Amino acid sequence: QAALSRAEAEKKKLLIRENKEGETDKELFKNSALCTVIVQPFYPAKALLNPLDIKPLLKKISVVNLREGPFPPSHMEPIPDGLLHLSTGFASLKCAQIYSNGLIYKLQDVSRIHESRKVIVNLFIVKNLYVVLKTASAFYRLNNYQGGLVVNILLSSAENSLLIPLVYDNRNFDDEDLQISLLSSYVWDFELDTTRLINGRYFSDFYLEAIKKIEWDLGYEPYEKDFYINYMQKQDWVVSGEFH
């Protein structure tokens with residue numbers, strides 16, 4: 001919890017530094033929907049490594065996303081007990097943080113604007129979850145951590161947004177079957193362990209169940225497992241052959 005509080009504090013501090021006009025972060029990102037994904041050891045009794053030793057591991061634990069670049073980014077700056085990268089653009093935000101106690105943090109805007117309406121795309125949520133889990137898997141394996149894990153996903157500023165399910169081929173966002181967000185924020189909490197995280201078959205089972213839970217809470221009845229397996233096999237952002 002202490003590392004998580006520090007992660008939020010670092011994000012707010014850098015938002016203030018990046019904001020040249022004195023707007024609050026709420027005003028600056030009023031058209032955004034921010035998705036935060038966090039993985040951390042269940043009982044982080046002590047640091048897994050010295051913070052100075054995290055940076056040499058970045059290439060070994062990074063997950064390459066052809067459209068967005070690697071996570072974690074190779075250019076991260078020191079912060080207490082960890083590393084941070086913040087990227088801000090026009091009404092957008094990406095933030096990555098890694099801590100010596102094993103906390104992996106990724107924040108990203110997962111919304112788009114369509115005819116003045118905020119649109120939240122579930123594909124971006126589940127992609128963020130995937131890359132954080134794969135990064136965490138490599139990080140814990142390299143640092144010989146074995147044990148329980150906590151996975152948290154927070155989707156904020158979602159009020160009155162149009163929600164796009166994971167599998168949606170129709171580019172017409174005026175589709176009457178699309179759901180409107182019923183909540184201002186959504187929280188998903190999962191428990192995991194390093195055995196299931198690192199083992200391919202157990203990982204795919206966990207990940208697909210998480211997808212189904214997210215889809216349900218966003219207002220969409222999920223498909224059967226085989227449908228999602230077939231879908232994941234066609235994606236270029238997952239490890240080839242991982243879902244079967």
# chains A, B, ... in the order shown; residues from 1 in each chain; ligands from 1
>>> select_by_dssp(residues="range 83-229 of chain A", states="strand (DSSP E)", output="PyMOL selection string")
chain A and resi 83-89+92-99+104-109+111-114+117-121+148-156+162-164+179-180+186-193
>>> residues_around(residues="range 212-226 of chain A", least_positions_apart="2", cutoff="9 Å", atoms="only C-alpha atoms", output="ChimeraX atom specification")
/A:122,125-126,163-166,178-182,186,188,205,207-210,228-231,244
>>> select_by_dssp(residues="range 37-185 of chain A", states="alpha helix (DSSP H)", output="count of residues only")
25
>>> closest_residue(among="A:Ser161, A:Ser184, A:Ser74, A:Gln40", to="Pro56 in chain A", atoms="only C-alpha atoms")
A:Ser74
>>> closest_residue(among="A:Asn50, A:Thr36, A:Gln97, A:Ser116", to="Pro72 in chain A", atoms="only C-alpha atoms")
A:Gln97
>>> residues_around(residues="Gln235 in chain A", least_positions_apart="2", cutoff="12 Å", atoms="only C-alpha atoms", output="short mmCIF file (atom, residue, chain, number, x, y, z; two decimals) with C-alpha atoms, in the first residue's frame")
data_model
loop_
_atom_site.label_atom_id
_atom_site.label_comp_id
_atom_site.auth_asym_id
_atom_site.auth_seq_id
_atom_site.Cartn_x
_atom_site.Cartn_y
_atom_site.Cartn_z
CA ASN A 65 3.73 -3.69 -28.37
CA LEU A 66 4.23 -2.84 -32.04
CA LEU A 123 -9.43 -3.69 -26.00
CA LYS A 127 -4.05 -5.11 -23.51
CA TYR A 130 -1.69 -8.38 -20.50
CA LEU A 166 -13.48 -6.37 -26.68
CA VAL A 167 -14.73 -7.93 -29.90
CA TYR A 228 -11.80 -15.77 -26.73
CA ILE A 229 -9.03 -18.30 -27.33
CA ASN A 230 -9.64 -18.06 -31.07
CA TYR A 231 -9.70 -14.27 -30.83
CA MET A 232 -6.45 -14.07 -28.85
CA GLN A 233 -4.66 -16.38 -31.29
CA TRP A 237 0.28 -8.27 -29.21
CA VAL A 238 0.28 -11.65 -27.48
CA VAL A 239 2.90 -14.38 -27.39
CA SER A 240 2.39 -16.73 -30.32
CA GLY A 241 0.84 -20.03 -29.25
CA GLU A 242 0.13 -18.89 -25.71
CA PHE A 243 -3.65 -19.33 -25.96
#
>>> atom_distance(atom1="CA of Ala96 in chain A", atom2="CA of Tyr168 in chain A")
28.0 Å
>>> residues_around(residues="Lys46 in chain A", least_positions_apart="2", cutoff="12 Å", atoms="only C-alpha atoms", output="short mmCIF file (atom, residue, chain, number, x, y, z; two decimals) with N, CA and C atoms, in the first residue's frame")
data_model
loop_
_atom_site.label_atom_id
_atom_site.label_comp_id
_atom_site.auth_asym_id
_atom_site.auth_seq_id
_atom_site.Cartn_x
_atom_site.Cartn_y
_atom_site.Cartn_z
N ALA A 3 3.84 1.62 -1.36
CA ALA A 3 4.37 1.83 -2.71
C ALA A 3 3.29 2.35 -3.65
N PRO A 41 3.34 -8.07 -5.07
CA PRO A 41 3.32 -9.22 -4.16
C PRO A 41 2.28 -9.03 -3.05
N PHE A 42 1.65 -10.12 -2.65
CA PHE A 42 0.61 -10.06 -1.63
C PHE A 42 1.20 -9.62 -0.30
N TYR A 43 2.37 -10.14 0.04
CA TYR A 43 3.05 -9.74 1.27
C TYR A 43 4.45 -9.25 0.92
N PRO A 44 4.58 -7.98 0.50
CA PRO A 44 5.91 -7.46 0.14
C PRO A 44 6.73 -7.15 1.39
N LEU A 48 12.77 -6.80 -3.30
CA LEU A 48 13.27 -7.93 -4.07
C LEU A 48 14.67 -7.67 -4.61
N LEU A 49 15.02 -6.39 -4.76
CA LEU A 49 16.34 -6.01 -5.26
C LEU A 49 16.59 -4.56 -4.93
N ASN A 50 17.82 -4.13 -5.13
CA ASN A 50 18.17 -2.72 -4.95
C ASN A 50 17.57 -1.91 -6.10
N ASP A 81 12.89 4.35 -4.31
CA ASP A 81 12.68 2.90 -4.35
C ASP A 81 12.26 2.36 -5.71
N TYR A 99 8.81 -0.71 -8.84
CA TYR A 99 9.40 -0.53 -7.51
C TYR A 99 10.18 -1.77 -7.09
N SER A 100 11.16 -1.54 -6.22
CA SER A 100 12.03 -2.63 -5.79
C SER A 100 11.29 -3.69 -4.98
N ASN A 101 10.13 -3.36 -4.42
CA ASN A 101 9.36 -4.37 -3.68
C ASN A 101 8.47 -5.20 -4.59
N GLY A 102 8.54 -4.95 -5.92
CA GLY A 102 7.82 -5.78 -6.87
C GLY A 102 6.55 -5.19 -7.42
N LEU A 103 6.22 -3.95 -7.05
CA LEU A 103 5.01 -3.33 -7.60
C LEU A 103 5.26 -2.86 -9.02
N TYR A 145 11.28 -14.35 -6.96
CA TYR A 145 10.14 -14.21 -6.06
C TYR A 145 9.11 -15.28 -6.37
#
